[in-house]
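First comes the structure, then the notes that go with it.
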Amino acid sequence: MIVFPNVKINIGLTVSDKRSDGYHNLESIFYPVMLCDILEIVKSDRFSLTVTGIVTEGNQEDNLVVKAFRLLEKDFALTPVQIILHKTVPTGSGLGAGSSDGAFALMVLNQIFELNLSEEQLCTYAEQLGSDCPFFIQNKPALVKGRGELIQNTNLDLSGYYIKIVHDGIHISTREAFAELDCRKAADFNDQDFSSLTSQNFNSLTNDFENFALKKYPVLSQIKKELQDQGAIYVSMSGSGSAFYGIFEKEPDKTSKTKFEFIGKL
């Protein structure tokens, strides 16, 4: 079975206090974007993982698609599978591609082994994989709270807009980003009706990680300015970085041959 795990952007991201489990409480709007990796999983005589496309570092067992298999393997009599993961999304971009890969792996394994897991059960497994993973089980715009496990549906609809994502190859460590964050303030999100978001009030939503990233990597300020100069009605960094995106009322132009750029409809 072949699927296309998509990314998400954070529209606003506020981090408040550190929890007793070591995670931080956050509030953010997660919005799915159809920039995708390619994941194929088929039954096989032996277990294997092949990763192509953008090079990823690390131990095979640390890959979330492998962790998804190992997680279900503990509870069900799974036979070996062959996994082929083609990475098109840059790592360390704050777009949640790894989390999406893991969540989609859970859903594929649920289907090919006919486990009959409900969406709620899949979310419970996804939460064990990573904070962003449960979102990709539902994979629709949501107000996300807690460490990412509290997902509240929102009627935010940006289908009339275009998005441009730019990534300059900078990898920002999530651990470093959190270490530099001032978490003393309270979260400033509320349960407003997000369908009212317009070009006039987008800018009330900010990413708490952005100031740190802009100070440490001045090139990101240039990317942000370029998106603003191209006419974006809202520009922000996604997650803990370092990808920046702009939301446009009209389709923007591709402008760089050296940076990773994605342009698509929301």
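Going through the structure tokens in order, the chains are called A, B, and so on, while each chain numbers its residues from 1 and the ligands are numbered from 1 in the order shown.
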
Check your understanding: Could you pull the residues within 10 Å of Asp168 in chain A, counting only C-alpha atoms, minus those fewer than 5 positions along the same chain, as a VMD selection string?
Key -> chain A and resid 90 93 219 to 220 223 242 to 244 258 to 261

Would you save the residues from that selection as a compact mmCIF listing (two decimals), in the first residue's frame, using C-alpha atoms?
```
# COMPACT_ATOMS: atom_id res chain seq x y z
CA PRO A 90 13.51 18.62 4.53
CA SER A 93 12.02 22.17 9.17
CA VAL A 219 19.35 34.53 6.96
CA LEU A 220 15.90 33.61 8.26
CA ILE A 223 13.58 34.83 4.03
CA SER A 242 13.43 26.54 10.51
CA ALA A 243 10.98 26.58 7.57
CA PHE A 244 9.12 29.84 6.98
CA THR A 258 19.22 27.20 -4.01
CA LYS A 259 16.60 27.05 -1.25
CA PHE A 260 13.88 24.43 -0.89
CA GLU A 261 10.59 25.99 -1.99
```

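When DSSP reads the backbone of this structure, the residues of range 210-261 of chain A it assigns to alpha helix (DSSP H) are Glu210, Asn211, Phe212, Ala213, Leu214, Lys215, Lys216, Val219, Leu220, Ser221, Gln222, Ile223, Lys224, Lys225, Glu226, Leu227, Gln228 and Asp229 of chain A.
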
Store the residues picked out above, limited to N, CA and C atoms, as an mmCIF file, in the first residue's frame.
```cif
data_model
loop_
_atom_site.group_PDB
_atom_site.id
_atom_site.type_symbol
_atom_site.label_atom_id
_atom_site.label_comp_id
_atom_site.auth_asym_id
_atom_site.auth_seq_id
_atom_site.Cartn_x
_atom_site.Cartn_y
_atom_site.Cartn_z
ATOM 1 N N GLU A 210 10.130 31.930 17.173
ATOM 2 C CA GLU A 210 10.648 32.681 16.035
ATOM 3 C C GLU A 210 11.748 33.658 16.410
ATOM 4 N N ASN A 211 11.608 34.381 17.506
ATOM 5 C CA ASN A 211 12.622 35.371 17.883
ATOM 6 C C ASN A 211 13.987 34.737 18.082
ATOM 7 N N PHE A 212 14.027 33.595 18.763
ATOM 8 C CA PHE A 212 15.289 32.884 18.960
ATOM 9 C C PHE A 212 15.911 32.499 17.622
ATOM 10 N N ALA A 213 15.094 31.956 16.716
ATOM 11 C CA ALA A 213 15.605 31.506 15.425
ATOM 12 C C ALA A 213 16.131 32.672 14.592
ATOM 13 N N LEU A 214 15.422 33.795 14.609
ATOM 14 C CA LEU A 214 15.844 34.952 13.816
ATOM 15 C C LEU A 214 17.145 35.547 14.337
ATOM 16 N N LYS A 215 17.320 35.533 15.656
ATOM 17 C CA LYS A 215 18.545 36.071 16.239
ATOM 18 C C LYS A 215 19.744 35.181 15.935
ATOM 19 N N LYS A 216 19.554 33.873 16.007
ATOM 20 C CA LYS A 216 20.677 32.964 15.808
ATOM 21 C C LYS A 216 21.020 32.793 14.333
ATOM 22 N N VAL A 219 19.880 34.791 8.289
ATOM 23 C CA VAL A 219 19.348 34.530 6.956
ATOM 24 C C VAL A 219 17.840 34.294 7.001
ATOM 25 N N LEU A 220 17.330 33.840 8.143
ATOM 26 C CA LEU A 220 15.896 33.608 8.258
ATOM 27 C C LEU A 220 15.110 34.917 8.218
ATOM 28 N N SER A 221 15.724 35.983 8.729
ATOM 29 C CA SER A 221 15.074 37.303 8.645
ATOM 30 C C SER A 221 14.925 37.726 7.198
ATOM 31 N N GLN A 222 15.922 37.389 6.392
ATOM 32 C CA GLN A 222 15.865 37.720 4.968
ATOM 33 C C GLN A 222 14.758 36.933 4.274
ATOM 34 N N ILE A 223 14.641 35.655 4.619
ATOM 35 C CA ILE A 223 13.575 34.831 4.034
ATOM 36 C C ILE A 223 12.207 35.377 4.416
ATOM 37 N N LYS A 224 12.046 35.746 5.686
ATOM 38 C CA LYS A 224 10.768 36.286 6.144
ATOM 39 C C LYS A 224 10.428 37.578 5.389
ATOM 40 N N LYS A 225 11.427 38.456 5.239
ATOM 41 C CA LYS A 225 11.195 39.723 4.530
ATOM 42 C C LYS A 225 10.840 39.485 3.065
ATOM 43 N N GLU A 226 11.497 38.523 2.441
ATOM 44 C CA GLU A 226 11.210 38.232 1.036
ATOM 45 C C GLU A 226 9.762 37.772 0.858
ATOM 46 N N LEU A 227 9.283 36.954 1.768
ATOM 47 C CA LEU A 227 7.889 36.497 1.696
ATOM 48 C C LEU A 227 6.922 37.669 1.889
ATOM 49 N N GLN A 228 7.262 38.553 2.830
ATOM 50 C CA GLN A 228 6.428 39.731 3.046
ATOM 51 C C GLN A 228 6.433 40.641 1.819
ATOM 52 N N ASP A 229 7.611 40.832 1.219
ATOM 53 C CA ASP A 229 7.733 41.697 0.046
ATOM 54 C C ASP A 229 7.002 41.121 -1.161
#
```

Practice item. Please report, as an MDAnalysis selection string, each residue of range 109-264 of chain A to which DSSP assigns strand (DSSP E) when run on this structure's backbone. Key: chainID A and resid 142:145 150:153 162:167 234:237 244:248 260:264

Counting only C-alpha atoms, which residues of range 197-237 of chain A sit at most 10 Å from some atom of range 24-45 of chain A, and what is each one's closest atom pair with its distance in Å to one decimal, listed by chain and rising residue number, as a tab-separated table?
```
residue	atom	partner	partner_atom	distance
A:Leu205	CA	A:Ser28	CA	8.9
A:Thr206	CA	A:Ser28	CA	9.4
A:Asn207	CA	A:Ser28	CA	8.7
A:Asp208	CA	A:Leu26	CA	9.9
```

Write out the residues from the selection above, keeping C-alpha atoms, as a CSV table (one decimal), in the first residue's frame.
```csv
chain,number,residue,atom,x,y,z
A,205,LEU,CA,-1.0,34.9,16.1
A,206,THR,CA,2.8,34.6,16.6
A,207,ASN,CA,5.3,31.7,17.1
A,208,ASP,CA,7.2,31.9,20.4
```

Review point. Which neighbours of Arg70 in chain A fall inside 12 Å, counting only C-alpha atoms, when residues of the same chain fewer than 3 positions from it are skipped, and could you give them as an NGL selection string?
Key: :A and (47 or 60-67 or 73-81 or 102 or 105-106 or 109 or 125 or 128-129)

Check your understanding: Distance CA of Asp17 in chain A-CA of Arg147 in chain A, one decimal place?
Key -> 10.5 Å

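Take the candidates A:Tyr161, A:Ser16, A:Gln82, A:Thr91 and check each one against Gly58 in chain A using only C-alpha atoms; the shortest distance goes to A:Thr91.
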
Revision key, fill the gap. Using only C-alpha atoms, the shortest atom-to-atom distance to Lys87 in chain A among A:Leu122, A:Lys254, A:Phe69, A:Asn6 belongs to A:Asn6

Practice item. Within 9 Å of Lys265 in chain A, counting only C-alpha atoms, which residues show up once you throw out same-chain ones fewer than 5 positions away? Write them as a ChimeraX atom specification, please. Key: /A:33-34,158-164,251
